[in-house]
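Enquirer: Sharing model-v3.pdb (PDB, C-alpha atoms) below.
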```pdb
MODEL        1
ATOM      1  CA  MET A1159       7.367  12.343 -19.402  1.00  0.00           C
ATOM      2  CA  THR A1160       4.885   9.814 -17.991  1.00  0.00           C
ATOM      3  CA  THR A1161       6.087   6.984 -15.752  1.00  0.00           C
ATOM      4  CA  ASN A1162       5.579   4.341 -18.440  1.00  0.00           C
ATOM      5  CA  VAL A1163       7.519   6.327 -21.034  1.00  0.00           C
ATOM      6  CA  GLN A1164      10.283   7.000 -18.513  1.00  0.00           C
ATOM      7  CA  VAL A1165      10.712   3.278 -17.820  1.00  0.00           C
ATOM      8  CA  PHE A1166      11.128   2.476 -21.510  1.00  0.00           C
ATOM      9  CA  ASP A1167      13.442   5.426 -21.989  1.00  0.00           C
ATOM     10  CA  GLU A1168      15.649   4.105 -19.174  1.00  0.00           C
ATOM     11  CA  VAL A1169      15.833   0.554 -20.568  1.00  0.00           C
ATOM     12  CA  ALA A1170      16.294   1.570 -24.215  1.00  0.00           C
ATOM     13  CA  GLY A1171      20.011   0.814 -24.091  1.00  0.00           C
ATOM     14  CA  VAL A1172      19.442  -2.863 -23.248  1.00  0.00           C
ATOM     15  CA  TYR A1173      15.917  -3.486 -24.553  1.00  0.00           C
ATOM     16  CA  ASP A1174      15.779  -6.880 -26.316  1.00  0.00           C
ATOM     17  CA  ASP A1175      19.563  -7.254 -26.118  1.00  0.00           C
ATOM     18  CA  VAL A1176      19.680  -9.944 -23.408  1.00  0.00           C
ATOM     19  CA  LEU A1177      17.112 -12.229 -25.089  1.00  0.00           C
ATOM     20  CA  PRO A1178      15.424 -11.625 -28.480  1.00  0.00           C
ATOM     21  CA  PHE A1179      11.937 -11.845 -27.012  1.00  0.00           C
ATOM     22  CA  PHE A1180      10.310  -8.875 -28.703  1.00  0.00           C
ATOM     23  CA  ALA A1181      12.090  -9.564 -31.980  1.00  0.00           C
ATOM     24  CA  GLU A1182      10.447 -13.002 -32.098  1.00  0.00           C
ATOM     25  CA  LEU A1183       7.107 -11.593 -31.000  1.00  0.00           C
ATOM     26  CA  GLY A1184       7.266  -8.900 -33.672  1.00  0.00           C
ATOM     27  CA  ARG A1185       8.121 -11.418 -36.375  1.00  0.00           C
ATOM     28  CA  GLN A1186       5.034 -13.454 -35.515  1.00  0.00           C
ATOM     29  CA  ILE A1187       2.770 -10.414 -35.406  1.00  0.00           C
ATOM     30  CA  VAL A1188       3.964  -9.350 -38.851  1.00  0.00           C
ATOM     31  CA  GLU A1189       3.162 -12.885 -40.053  1.00  0.00           C
ATOM     32  CA  VAL A1190      -0.402 -12.325 -38.845  1.00  0.00           C
ATOM     33  CA  VAL A1191      -0.656  -8.959 -40.626  1.00  0.00           C
ATOM     34  CA  LYS A1192       1.195 -10.010 -43.814  1.00  0.00           C
ATOM     35  CA  PRO A1193       1.934  -6.538 -45.206  1.00  0.00           C
ATOM     36  CA  CYS A1194       2.496  -6.388 -48.949  1.00  0.00           C
ATOM     37  CA  PRO A1195       5.253  -4.454 -50.739  1.00  0.00           C
ATOM     38  CA  GLY A1196       4.413  -0.764 -50.875  1.00  0.00           C
ATOM     39  CA  MET A1197       1.852  -0.847 -48.057  1.00  0.00           C
ATOM     40  CA  ARG A1198       1.970   2.179 -45.781  1.00  0.00           C
ATOM     41  CA  LEU A1199       2.429   0.729 -42.286  1.00  0.00           C
ATOM     42  CA  LEU A1200       2.466   2.607 -38.995  1.00  0.00           C
ATOM     43  CA  ASP A1201       4.327   0.872 -36.161  1.00  0.00           C
ATOM     44  CA  LEU A1202       2.785   2.475 -33.076  1.00  0.00           C
ATOM     45  CA  GLY A1203       5.016   2.219 -29.994  1.00  0.00           C
ATOM     46  CA  ALA A1204       7.773   0.741 -32.115  1.00  0.00           C
ATOM     47  CA  GLY A1205      10.402   0.305 -29.388  1.00  0.00           C
ATOM     48  CA  ARG A1206      13.564  -1.107 -30.933  1.00  0.00           C
ATOM     49  CA  GLY A1207      11.811  -2.158 -34.147  1.00  0.00           C
ATOM     50  CA  ALA A1208      10.497  -5.678 -33.504  1.00  0.00           C
ATOM     51  CA  VAL A1209       7.682  -5.013 -35.980  1.00  0.00           C
ATOM     52  CA  THR A1210       9.466  -2.398 -38.075  1.00  0.00           C
ATOM     53  CA  GLY A1211      12.274  -4.731 -39.160  1.00  0.00           C
ATOM     54  CA  PRO A1212      10.139  -7.632 -40.445  1.00  0.00           C
ATOM     55  CA  ALA A1213       7.672  -5.212 -42.063  1.00  0.00           C
ATOM     56  CA  LEU A1214      10.506  -3.487 -43.936  1.00  0.00           C
ATOM     57  CA  ALA A1215      11.789  -6.888 -45.029  1.00  0.00           C
ATOM     58  CA  ARG A1216       8.379  -7.521 -46.629  1.00  0.00           C
ATOM     59  CA  GLY A1217       8.656  -4.291 -48.585  1.00  0.00           C
ATOM     60  CA  ALA A1218       6.281  -2.161 -46.521  1.00  0.00           C
ATOM     61  CA  GLN A1219       6.770   1.593 -46.262  1.00  0.00           C
ATOM     62  CA  VAL A1220       7.169   1.856 -42.505  1.00  0.00           C
ATOM     63  CA  THR A1221       6.603   4.855 -40.269  1.00  0.00           C
ATOM     64  CA  ALA A1222       7.690   3.995 -36.721  1.00  0.00           C
ATOM     65  CA  ILE A1223       6.795   6.125 -33.717  1.00  0.00           C
ATOM     66  CA  ASP A1224       7.524   5.925 -30.007  1.00  0.00           C
ATOM     67  CA  ALA A1225       7.210   8.295 -27.060  1.00  0.00           C
ATOM     68  CA  ALA A1226      10.590   7.353 -25.498  1.00  0.00           C
ATOM     69  CA  PRO A1227      13.383   9.541 -26.918  1.00  0.00           C
ATOM     70  CA  ARG A1228      16.171   6.995 -26.396  1.00  0.00           C
ATOM     71  CA  MET A1229      14.126   4.283 -28.082  1.00  0.00           C
ATOM     72  CA  ILE A1230      13.714   6.574 -31.070  1.00  0.00           C
ATOM     73  CA  THR A1231      17.453   7.232 -31.225  1.00  0.00           C
ATOM     74  CA  ARG A1232      18.273   3.526 -31.353  1.00  0.00           C
ATOM     75  CA  LEU A1233      15.377   2.747 -33.684  1.00  0.00           C
ATOM     76  CA  ALA A1234      16.494   5.352 -36.194  1.00  0.00           C
ATOM     77  CA  ALA A1235      20.071   4.052 -36.090  1.00  0.00           C
ATOM     78  CA  ASP A1236      18.997   0.421 -36.552  1.00  0.00           C
ATOM     79  CA  HIS A1237      16.399   1.098 -39.274  1.00  0.00           C
ATOM     80  CA  PRO A1238      17.431   4.169 -41.285  1.00  0.00           C
ATOM     81  CA  GLU A1239      15.088   3.166 -44.107  1.00  0.00           C
ATOM     82  CA  ALA A1240      12.039   3.716 -41.855  1.00  0.00           C
ATOM     83  CA  ASN A1241      10.430   7.083 -41.163  1.00  0.00           C
ATOM     84  CA  VAL A1242      11.131   7.275 -37.422  1.00  0.00           C
ATOM     85  CA  GLN A1243       9.469   9.939 -35.291  1.00  0.00           C
ATOM     86  CA  LEU A1244       9.082  10.798 -31.616  1.00  0.00           C
ATOM     87  CA  MET A1245       5.343  11.017 -31.019  1.00  0.00           C
ATOM     88  CA  ASP A1246       2.518  10.613 -28.509  1.00  0.00           C
ATOM     89  CA  ALA A1247       0.048   7.886 -29.490  1.00  0.00           C
ATOM     90  CA  HIS A1248      -2.810  10.102 -28.282  1.00  0.00           C
ATOM     91  CA  GLN A1249      -1.948  12.888 -30.736  1.00  0.00           C
ATOM     92  CA  LEU A1250      -0.785  11.503 -34.069  1.00  0.00           C
ATOM     93  CA  VAL A1251       0.400  14.270 -36.375  1.00  0.00           C
ATOM     94  CA  PHE A1252      -0.573  12.386 -39.534  1.00  0.00           C
ATOM     95  CA  ALA A1253      -3.417  13.318 -41.846  1.00  0.00           C
ATOM     96  CA  ASP A1254      -6.581  11.248 -42.048  1.00  0.00           C
ATOM     97  CA  ALA A1255      -6.277   7.985 -44.035  1.00  0.00           C
ATOM     98  CA  SER A1256      -2.463   8.101 -44.081  1.00  0.00           C
ATOM     99  CA  PHE A1257      -1.863   4.365 -43.599  1.00  0.00           C
ATOM    100  CA  ASP A1258      -3.001   1.004 -44.918  1.00  0.00           C
ATOM    101  CA  VAL A1259      -1.941  -0.897 -41.787  1.00  0.00           C
ATOM    102  CA  VAL A1260      -1.386   0.112 -38.153  1.00  0.00           C
ATOM    103  CA  VAL A1261       0.325  -2.276 -35.733  1.00  0.00           C
ATOM    104  CA  ALA A1262       0.364  -1.553 -31.994  1.00  0.00           C
ATOM    105  CA  ALA A1263       2.341  -4.299 -30.249  1.00  0.00           C
ATOM    106  CA  PHE A1264       2.353  -4.268 -26.446  1.00  0.00           C
ATOM    107  CA  VAL A1265       1.507  -0.580 -26.187  1.00  0.00           C
ATOM    108  CA  VAL A1266      -2.250   0.128 -26.058  1.00  0.00           C
ATOM    109  CA  HIS A1267      -2.595  -1.313 -22.546  1.00  0.00           C
ATOM    110  CA  LEU A1268       0.173   1.054 -21.390  1.00  0.00           C
ATOM    111  CA  VAL A1269      -1.074   4.414 -22.673  1.00  0.00           C
ATOM    112  CA  ASP A1270      -3.018   6.865 -20.514  1.00  0.00           C
ATOM    113  CA  SER A1271      -6.150   6.668 -22.685  1.00  0.00           C
ATOM    114  CA  PRO A1272      -6.494   3.502 -24.785  1.00  0.00           C
ATOM    115  CA  ALA A1273      -9.784   4.760 -26.257  1.00  0.00           C
ATOM    116  CA  LEU A1274      -8.183   7.976 -27.492  1.00  0.00           C
ATOM    117  CA  ALA A1275      -5.208   6.112 -28.954  1.00  0.00           C
ATOM    118  CA  VAL A1276      -7.501   3.673 -30.799  1.00  0.00           C
ATOM    119  CA  ALA A1277      -9.614   6.574 -32.067  1.00  0.00           C
ATOM    120  CA  GLU A1278      -6.459   8.126 -33.505  1.00  0.00           C
ATOM    121  CA  VAL A1279      -5.600   4.830 -35.176  1.00  0.00           C
ATOM    122  CA  PHE A1280      -9.066   4.762 -36.740  1.00  0.00           C
ATOM    123  CA  ARG A1281      -8.586   8.297 -38.034  1.00  0.00           C
ATOM    124  CA  VAL A1282      -5.225   7.703 -39.716  1.00  0.00           C
ATOM    125  CA  LEU A1283      -6.232   4.381 -41.320  1.00  0.00           C
ATOM    126  CA  SER A1284      -7.460   4.439 -44.893  1.00  0.00           C
ATOM    127  CA  PRO A1285     -10.911   2.923 -45.639  1.00  0.00           C
ATOM    128  CA  GLY A1286     -10.541  -0.848 -45.590  1.00  0.00           C
ATOM    129  CA  GLY A1287      -7.279  -0.536 -43.667  1.00  0.00           C
ATOM    130  CA  LEU A1288      -6.138  -3.098 -41.110  1.00  0.00           C
ATOM    131  CA  VAL A1289      -5.252  -2.596 -37.461  1.00  0.00           C
ATOM    132  CA  ALA A1290      -3.482  -5.168 -35.267  1.00  0.00           C
ATOM    133  CA  ILE A1291      -3.255  -4.712 -31.508  1.00  0.00           C
ATOM    134  CA  ALA A1292      -1.190  -7.144 -29.424  1.00  0.00           C
ATOM    135  CA  ILE A1293      -1.470  -7.332 -25.643  1.00  0.00           C
ATOM    136  CA  PRO A1294      -0.179  -9.869 -23.111  1.00  0.00           C
ATOM    137  CA  GLY A1295      -2.364 -12.867 -22.428  1.00  0.00           C
ATOM    138  CA  GLY A1296      -2.882 -15.152 -25.402  1.00  0.00           C
ATOM    139  CA  GLU A1297      -3.350 -18.888 -25.113  1.00  0.00           C
ATOM    140  CA  LEU A1298      -0.392 -21.206 -24.492  1.00  0.00           C
ATOM    141  CA  GLN A1299       0.237 -23.535 -27.396  1.00  0.00           C
ATOM    142  CA  THR A1300       3.393 -25.394 -26.329  1.00  0.00           C
ATOM    143  CA  GLU A1301       3.441 -27.877 -23.454  1.00  0.00           C
ATOM    144  CA  LEU A1302       6.757 -27.695 -21.632  1.00  0.00           C
ATOM    145  CA  ALA A1303       8.247 -30.507 -19.572  1.00  0.00           C
ATOM    146  CA  GLU A1304       9.348 -27.800 -17.126  1.00  0.00           C
ATOM    147  CA  PRO A1305       6.918 -24.868 -17.422  1.00  0.00           C
ATOM    148  CA  ASP A1306       8.104 -21.300 -16.995  1.00  0.00           C
ATOM    149  CA  PRO A1307       7.478 -20.546 -13.287  1.00  0.00           C
ATOM    150  CA  VAL A1308       7.976 -16.781 -13.501  1.00  0.00           C
ATOM    151  CA  PRO A1309       4.428 -15.712 -14.529  1.00  0.00           C
ATOM    152  CA  GLY A1310       3.068 -17.519 -11.487  1.00  0.00           C
ATOM    153  CA  LEU A1311       5.705 -15.917  -9.299  1.00  0.00           C
ATOM    154  CA  CYS A1312       4.683 -12.494 -10.576  1.00  0.00           C
ATOM    155  CA  GLY A1313       1.097 -13.258  -9.659  1.00  0.00           C
ATOM    156  CA  GLU A1314       2.204 -14.254  -6.168  1.00  0.00           C
ATOM    157  CA  PHE A1315       4.171 -11.026  -5.582  1.00  0.00           C
ATOM    158  CA  ALA A1316       1.660  -8.658  -7.194  1.00  0.00           C
ATOM    159  CA  GLN A1317      -0.062  -8.361  -3.805  1.00  0.00           C
ATOM    160  CA  TYR A1318       2.934  -6.361  -2.554  1.00  0.00           C
ATOM    161  CA  LEU A1319       2.702  -3.665  -5.229  1.00  0.00           C
ATOM    162  CA  PRO A1320       1.514  -0.218  -4.116  1.00  0.00           C
ATOM    163  CA  PRO A1321      -1.830   1.054  -5.469  1.00  0.00           C
ATOM    164  CA  GLY A1322      -1.321   1.775  -9.149  1.00  0.00           C
ATOM    165  CA  GLY A1323       2.058   0.034  -9.100  1.00  0.00           C
ATOM    166  CA  SER A1324       3.727  -1.642 -12.062  1.00  0.00           C
ATOM    167  CA  MET A1325       2.246  -0.756 -15.461  1.00  0.00           C
ATOM    168  CA  GLY A1326      -0.486  -1.763 -17.833  1.00  0.00           C
ATOM    169  CA  ILE A1327      -4.223  -2.270 -17.409  1.00  0.00           C
ATOM    170  CA  GLU A1328      -6.649  -4.993 -18.422  1.00  0.00           C
ATOM    171  CA  LEU A1329      -8.402  -4.135 -21.662  1.00  0.00           C
ATOM    172  CA  ASP A1330     -11.431  -5.344 -23.569  1.00  0.00           C
ATOM    173  CA  VAL A1331      -9.760  -4.825 -26.932  1.00  0.00           C
ATOM    174  CA  ALA A1332     -12.730  -6.076 -28.929  1.00  0.00           C
ATOM    175  CA  ASP A1333     -14.948  -3.483 -27.245  1.00  0.00           C
ATOM    176  CA  LEU A1334     -12.361  -0.738 -27.810  1.00  0.00           C
ATOM    177  CA  LEU A1335     -12.145  -1.530 -31.508  1.00  0.00           C
ATOM    178  CA  THR A1336     -15.888  -1.826 -31.975  1.00  0.00           C
ATOM    179  CA  ARG A1337     -16.608   1.450 -30.177  1.00  0.00           C
ATOM    180  CA  ALA A1338     -14.023   3.198 -32.346  1.00  0.00           C
ATOM    181  CA  GLY A1339     -15.887   2.077 -35.466  1.00  0.00           C
ATOM    182  CA  PHE A1340     -13.835  -0.912 -36.600  1.00  0.00           C
ATOM    183  CA  ILE A1341     -15.436  -3.988 -38.137  1.00  0.00           C
ATOM    184  CA  ASP A1342     -14.480  -7.652 -38.638  1.00  0.00           C
ATOM    185  CA  VAL A1343     -12.827  -7.884 -35.215  1.00  0.00           C
ATOM    186  CA  THR A1344     -10.942 -11.159 -34.731  1.00  0.00           C
ATOM    187  CA  ARG A1345      -8.587 -12.589 -32.119  1.00  0.00           C
ATOM    188  CA  SER A1346      -5.618 -14.909 -32.470  1.00  0.00           C
ATOM    189  CA  SER A1347      -2.631 -15.833 -30.306  1.00  0.00           C
ATOM    190  CA  VAL A1348       1.111 -15.800 -30.734  1.00  0.00           C
ATOM    191  CA  GLU A1349       3.614 -17.459 -28.427  1.00  0.00           C
ATOM    192  CA  VAL A1350       7.303 -16.991 -27.710  1.00  0.00           C
ATOM    193  CA  CYS A1351       9.335 -19.863 -26.248  1.00  0.00           C
ATOM    194  CA  LEU A1352      13.034 -19.148 -25.809  1.00  0.00           C
ATOM    195  CA  GLU A1353      15.567 -21.412 -24.138  1.00  0.00           C
ATOM    196  CA  VAL A1354      17.515 -19.392 -21.577  1.00  0.00           C
ATOM    197  CA  PRO A1355      21.115 -20.338 -20.750  1.00  0.00           C
ATOM    198  CA  ASP A1356      20.837 -19.780 -16.996  1.00  0.00           C
ATOM    199  CA  ALA A1357      18.731 -18.233 -14.250  1.00  0.00           C
ATOM    200  CA  GLN A1358      20.834 -15.069 -14.059  1.00  0.00           C
ATOM    201  CA  THR A1359      20.205 -14.351 -17.750  1.00  0.00           C
ATOM    202  CA  TYR A1360      16.463 -14.637 -17.143  1.00  0.00           C
ATOM    203  CA  TRP A1361      16.721 -12.172 -14.259  1.00  0.00           C
ATOM    204  CA  ASP A1362      18.820  -9.798 -16.344  1.00  0.00           C
ATOM    205  CA  TRP A1363      16.181  -9.945 -19.099  1.00  0.00           C
ATOM    206  CA  THR A1364      13.486  -9.114 -16.546  1.00  0.00           C
ATOM    207  CA  LEU A1365      15.112  -5.719 -15.980  1.00  0.00           C
ATOM    208  CA  THR A1366      15.322  -4.770 -19.674  1.00  0.00           C
ATOM    209  CA  HIS A1367      11.668  -4.130 -20.549  1.00  0.00           C
ATOM    210  CA  GLY A1368       8.325  -3.115 -19.049  1.00  0.00           C
ATOM    211  CA  MET A1369       8.582  -5.687 -16.267  1.00  0.00           C
ATOM    212  CA  ARG A1370      11.270  -3.452 -14.804  1.00  0.00           C
ATOM    213  CA  ALA A1371       8.420  -1.324 -13.407  1.00  0.00           C
ATOM    214  CA  PHE A1372       6.992  -4.376 -11.591  1.00  0.00           C
ATOM    215  CA  VAL A1373      10.347  -5.101  -9.968  1.00  0.00           C
ATOM    216  CA  ASP A1374      11.084  -1.474  -9.089  1.00  0.00           C
ATOM    217  CA  ASP A1375       7.647  -0.952  -7.523  1.00  0.00           C
ATOM    218  CA  LEU A1376       8.024  -3.854  -5.101  1.00  0.00           C
ATOM    219  CA  PRO A1377       9.183  -2.870  -1.583  1.00  0.00           C
ATOM    220  CA  ALA A1378      12.954  -3.366  -1.279  1.00  0.00           C
ATOM    221  CA  ASP A1379      12.669  -6.474   0.899  1.00  0.00           C
ATOM    222  CA  ARG A1380      10.063  -8.054  -1.365  1.00  0.00           C
ATOM    223  CA  ARG A1381      12.142  -7.147  -4.418  1.00  0.00           C
ATOM    224  CA  ALA A1382      15.076  -9.091  -3.030  1.00  0.00           C
ATOM    225  CA  GLU A1383      12.761 -11.968  -2.112  1.00  0.00           C
ATOM    226  CA  PHE A1384      11.257 -11.969  -5.607  1.00  0.00           C
ATOM    227  CA  ARG A1385      14.700 -12.126  -7.183  1.00  0.00           C
ATOM    228  CA  ASP A1386      15.849 -14.915  -4.866  1.00  0.00           C
ATOM    229  CA  HIS A1387      12.724 -16.982  -5.502  1.00  0.00           C
ATOM    230  CA  MET A1388      13.076 -16.539  -9.247  1.00  0.00           C
ATOM    231  CA  LEU A1389      16.723 -17.560  -9.309  1.00  0.00           C
ATOM    232  CA  THR A1390      16.091 -20.541  -7.017  1.00  0.00           C
ATOM    233  CA  GLN A1391      13.138 -21.872  -8.999  1.00  0.00           C
ATOM    234  CA  LEU A1392      14.822 -21.418 -12.359  1.00  0.00           C
ATOM    235  CA  SER A1393      18.131 -22.894 -11.214  1.00  0.00           C
ATOM    236  CA  SER A1394      16.353 -26.092 -10.169  1.00  0.00           C
ATOM    237  CA  GLN A1395      15.258 -26.740 -13.768  1.00  0.00           C
ATOM    238  CA  LYS A1396      17.272 -28.737 -16.262  1.00  0.00           C
ATOM    239  CA  VAL A1397      15.956 -26.589 -19.128  1.00  0.00           C
ATOM    240  CA  ILE A1398      15.000 -22.967 -18.491  1.00  0.00           C
ATOM    241  CA  THR A1399      12.424 -21.652 -20.945  1.00  0.00           C
ATOM    242  CA  LEU A1400      11.001 -18.173 -21.231  1.00  0.00           C
ATOM    243  CA  GLN A1401       7.400 -18.703 -22.357  1.00  0.00           C
ATOM    244  CA  ARG A1402       4.971 -15.854 -23.003  1.00  0.00           C
ATOM    245  CA  THR A1403       1.865 -15.377 -25.099  1.00  0.00           C
ATOM    246  CA  ALA A1404       0.074 -12.433 -26.629  1.00  0.00           C
ATOM    247  CA  ALA A1405      -3.433 -11.949 -27.944  1.00  0.00           C
ATOM    248  CA  VAL A1406      -3.458 -10.292 -31.353  1.00  0.00           C
ATOM    249  CA  TRP A1407      -6.663  -8.463 -32.207  1.00  0.00           C
ATOM    250  CA  THR A1408      -7.169  -7.477 -35.841  1.00  0.00           C
ATOM    251  CA  ALA A1409      -9.948  -5.381 -37.332  1.00  0.00           C
ATOM    252  CA  LYS A1410     -10.696  -3.321 -40.419  1.00  0.00           C
ATOM    253  CA  SER A1411     -11.725   0.232 -41.067  1.00  0.00           C
ATOM    254  CA  PRO A1412     -15.045   0.325 -42.968  1.00  0.00           C
ATOM    255  CA  LEU A1413     -14.889   1.096 -46.692  1.00  0.00           C
TER     256      LEU A1413
ENDMDL
END
```
Could you write out this file's structure as structure tokens?

Expert:
Amino acid sequence: MTTNVQVFDEVAGVYDDVLPFFAELGRQIVEVVKPCPGMRLLDLGAGRGAVTGPALARGAQVTAIDAAPRMITRLAADHPEANVQLMDAHQLVFADASFDVVVAAFVVHLVDSPALAVAEVFRVLSPGGLVAIAIPGGELQTELAEPDPVPGLCGEFAQYLPPGGSMGIELDVADLLTRAGFIDVTRSSVEVCLEVPDAQTYWDWTLTHGMRAFVDDLPADRRAEFRDHMLTQLSSQKVITLQRTAAVWTAKSPL
């Protein structure tokens, strides 16, 4: 099991339970994709079903895969109407042209070979099919009276990570899609703004998803300092808001 998969396997029991961040993100991504009833949709790196749930609600025929066994267990229990399978994104077991839509939300930047994963997506999409890839880093749309200080704090403490620490890499998604053979590549942004009841809840949420790797990879003294700084900065605000964005890249398979 790779390090990234192990992290998500460990947090599966609390993933998206503290704050519904990924549920809101998934809802917005499905709004971008707009699957129709009967569409065959592959949710790649499905996690707890942030995309699977809204896609099922629209009448799509959803196949949901993830590489973390505990995520799959919870996903199957929460969404029994989906076809849930444990699978590596680099080696999809599906036949060519099996799906009309593939959604990969917050996963392609985490896999060992993004190019191979995108090539597999191209293979399993039917001609004219749609792919949507979401990664962190869209454009902020909402101006907050008290901006979320945590992204800046992460940037400040990233210097203390060991080489190769944390998870995720910067990607040129447009280039990945184009090289794989996709056409009509477009980019949009989605944003999640959630009011958080207190600083401790924000910290607890930090440990329930991929950011757990960032925290765990900090040296012990810096980890404690990071936590203290986060709690202090958040506690000084009258309204604590978790604000994150994602870039959503869509493209089509040629006819």

Enquirer: Can you translate the PyMOL selection byres ((chain A and resi 1288-1299) around 9) into the concrete residues it hits in this file, as a PyMOL selection string?

Expert: chain A and resi 1187+1190-1191+1257-1267+1279-1280+1283-1287+1300-1301+1329+1331+1340+1346-1349+1401-1411

Enquirer: Write out as a PyMOL selection string each polymer residue whose atoms come within 9 Å of segment 1375-1387 of chain A, counting only C-alpha atoms; drop sequence neighbours fewer than 2 positions from it.

Expert: chain A and resi 1311-1312+1315-1316+1318-1320+1323-1324+1361+1370-1373+1389-1392

Enquirer: Take the residues from that selection and write them out as an mmCIF file, in the coordinates of the input, keeping C-alpha atoms.

Expert:
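Below is the file again02.cif, written as the result:
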```cif
data_model
loop_
_atom_site.group_PDB
_atom_site.id
_atom_site.type_symbol
_atom_site.label_atom_id
_atom_site.label_comp_id
_atom_site.auth_asym_id
_atom_site.auth_seq_id
_atom_site.Cartn_x
_atom_site.Cartn_y
_atom_site.Cartn_z
ATOM 1 C CA LEU A 1311 5.705 -15.917 -9.299
ATOM 2 C CA CYS A 1312 4.683 -12.494 -10.576
ATOM 3 C CA PHE A 1315 4.171 -11.026 -5.582
ATOM 4 C CA ALA A 1316 1.660 -8.658 -7.194
ATOM 5 C CA TYR A 1318 2.934 -6.361 -2.554
ATOM 6 C CA LEU A 1319 2.702 -3.665 -5.229
ATOM 7 C CA PRO A 1320 1.514 -0.218 -4.116
ATOM 8 C CA GLY A 1323 2.058 0.034 -9.100
ATOM 9 C CA SER A 1324 3.727 -1.642 -12.062
ATOM 10 C CA TRP A 1361 16.721 -12.172 -14.259
ATOM 11 C CA ARG A 1370 11.270 -3.452 -14.804
ATOM 12 C CA ALA A 1371 8.420 -1.324 -13.407
ATOM 13 C CA PHE A 1372 6.992 -4.376 -11.591
ATOM 14 C CA VAL A 1373 10.347 -5.101 -9.968
ATOM 15 C CA LEU A 1389 16.723 -17.560 -9.309
ATOM 16 C CA THR A 1390 16.091 -20.541 -7.017
ATOM 17 C CA GLN A 1391 13.138 -21.872 -8.999
ATOM 18 C CA LEU A 1392 14.822 -21.418 -12.359
#
```

Enquirer: Using only C-alpha atoms, which residue out of A:Gly1184, A:Ile1341, A:Ala1226, A:Tyr1360 lies closest to Val1169 of chain A?

Expert: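 Distance minimum relative to Val1169 of chain A lands on A:Ala1226.
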
Enquirer: Just checking: using all atoms listed in the file, which residue out of A:Asn1162, A:Met1197, A:Glu1189, A:Pro1227 ends up closest to Ser1256 of chain A?

Expert: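 For Ser1256 of chain A, the nearest of the given residues is A:Met1197.
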
Enquirer: Might you spell out which residues the PyMOL selection byres ((chain A and resi 1179) around 10) would select in the displayed file, as a PDB file with C-alpha atoms, in the frame of the given file?

Expert:
```
ATOM      1  CA  TYR A1173      15.917  -3.486 -24.553  1.00  0.00           C
ATOM      2  CA  ASP A1174      15.779  -6.880 -26.316  1.00  0.00           C
ATOM      3  CA  ASP A1175      19.563  -7.254 -26.118  1.00  0.00           C
ATOM      4  CA  VAL A1176      19.680  -9.944 -23.408  1.00  0.00           C
ATOM      5  CA  LEU A1177      17.112 -12.229 -25.089  1.00  0.00           C
ATOM      6  CA  PRO A1178      15.424 -11.625 -28.480  1.00  0.00           C
ATOM      7  CA  PHE A1180      10.310  -8.875 -28.703  1.00  0.00           C
ATOM      8  CA  ALA A1181      12.090  -9.564 -31.980  1.00  0.00           C
ATOM      9  CA  GLU A1182      10.447 -13.002 -32.098  1.00  0.00           C
ATOM     10  CA  LEU A1183       7.107 -11.593 -31.000  1.00  0.00           C
ATOM     11  CA  GLY A1184       7.266  -8.900 -33.672  1.00  0.00           C
ATOM     12  CA  ALA A1208      10.497  -5.678 -33.504  1.00  0.00           C
ATOM     13  CA  VAL A1350       7.303 -16.991 -27.710  1.00  0.00           C
ATOM     14  CA  CYS A1351       9.335 -19.863 -26.248  1.00  0.00           C
ATOM     15  CA  LEU A1352      13.034 -19.148 -25.809  1.00  0.00           C
ATOM     16  CA  TRP A1363      16.181  -9.945 -19.099  1.00  0.00           C
ATOM     17  CA  LEU A1400      11.001 -18.173 -21.231  1.00  0.00           C
ATOM     18  CA  GLN A1401       7.400 -18.703 -22.357  1.00  0.00           C
ATOM     19  CA  ARG A1402       4.971 -15.854 -23.003  1.00  0.00           C
TER      20      ARG A1402
END
```

Enquirer: Apply the PyMOL selection byres ((chain A and resi 1242) around 12) to the file shown and report the selected residues as a ChimeraX atom specification.

Expert: /A:1199-1207,1210,1219-1227,1229-1241,1243-1245

Enquirer: One number please: atom CA of Ala1275 of chain A to atom CA of His1248 of chain A, in Å, one decimal.

Expert: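 Separation between atom CA of Ala1275 of chain A and atom CA of His1248 of chain A: 4.7 Å.
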
Enquirer: For atom CA of Leu1268 of chain A and atom CA of Leu1413 of chain A, quote the distance in Å rounded to one decimal.

Expert: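 Value for the atom CA of Leu1268 of chain A-atom CA of Leu1413 of chain A distance: 29.4 Å.
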
Enquirer: How many Å separate atom CA of Gly1171 of chain A from atom CA of Thr1364 of chain A?

Expert: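 For atom CA of Gly1171 of chain A relative to atom CA of Thr1364 of chain A, the distance reads 14.1 Å.
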
Enquirer: Give me, as a count of residues only, all polymer residues having an atom no more than 10 Å from Pro1195 of chain A, counting only C-alpha atoms and skipping those fewer than 4 positions away in the same chain.

Expert: 7
